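Asker: Below are the structure tokens for one structure; questions will follow.
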Amino acid sequence: MDKQSILNALTPEIVEKFRTAIEIGKWEDGTKLTAEQKETCMQAVLVWEHEFVPVEERTGYIHKPVKEDGTVVGSECDVEHEHHYPNNPNPSLAVMVKPFDKVLFLA
């Protein structure tokens, strides 16, 4: 499944169910998530957030403090560089996900 197919299959409600399942380790019906399901759900959430959520609200966002001179700590690394994605020479294709062949979608 490509990125666009994944995005087309996800809704805010499904993403929220994935987040909850990841957080508590089980689906709404009490079934425990497998490691593969947890990984796939995390990937789906991150892909969805990358498209629809502002950077500051995404999972894993780290606020960068402002120095006394007004510059932001770490701002020199806010540009996509090839060294950020050593296995992918094209950073614009950096978001890669596994197929959803074994994920239980809760609609």
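For the structure tokens, the naming scheme is as follows: chains receive sequential letters (A, B, ...) according to their order of presentation, residues are indexed from 1 within each chain, and ligands are indexed from 1 in presentation order.
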Just want the 12 Å neighbourhood of His63 (chain A), counted on only C-alpha atoms, with same-chain residues fewer than 3 positions away dropped. Output as a PyMOL selection string.

Answerer: chain A and resi 55-60+66+72-75

Asker: Report, in Å with one decimal, the straight-line distance from CA of Val15 (chain A) to CA of Val45 (chain A).

Answerer: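 Between CA of Val15 (chain A) and CA of Val45 (chain A) the gap works out to 5.9 Å.
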
Asker: Could you check the closest approach to Lys26 (chain A) for each of A:Lys38, A:His50, A:Lys64, A:Lys3 and tell me which residue wins, using only C-alpha atoms?

Answerer: A:Lys38

Asker: Excluding same-chain residues fewer than 4 positions from Glu51 (chain A), what lies within 9 Å of it counting only C-alpha atoms, as a PyMOL selection string?

Answerer: chain A and resi 7+46-47

Asker: For Trp48 (chain A), which residue among A:Thr34, A:Lys17, A:Tyr61, A:Leu10 is the nearest when counting only C-alpha atoms?

Answerer: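 Using only C-alpha atoms, the shortest distance to Trp48 (chain A) belongs to A:Leu10.
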
Asker: What's around Ala35 (chain A) at 12 Å? Count only C-alpha atoms, leave out sequence neighbours fewer than 3 positions away in its own chain, and write the answer as a ChimeraX atom specification.

Answerer: /A:21-22,25-26,32,38-42,102-103
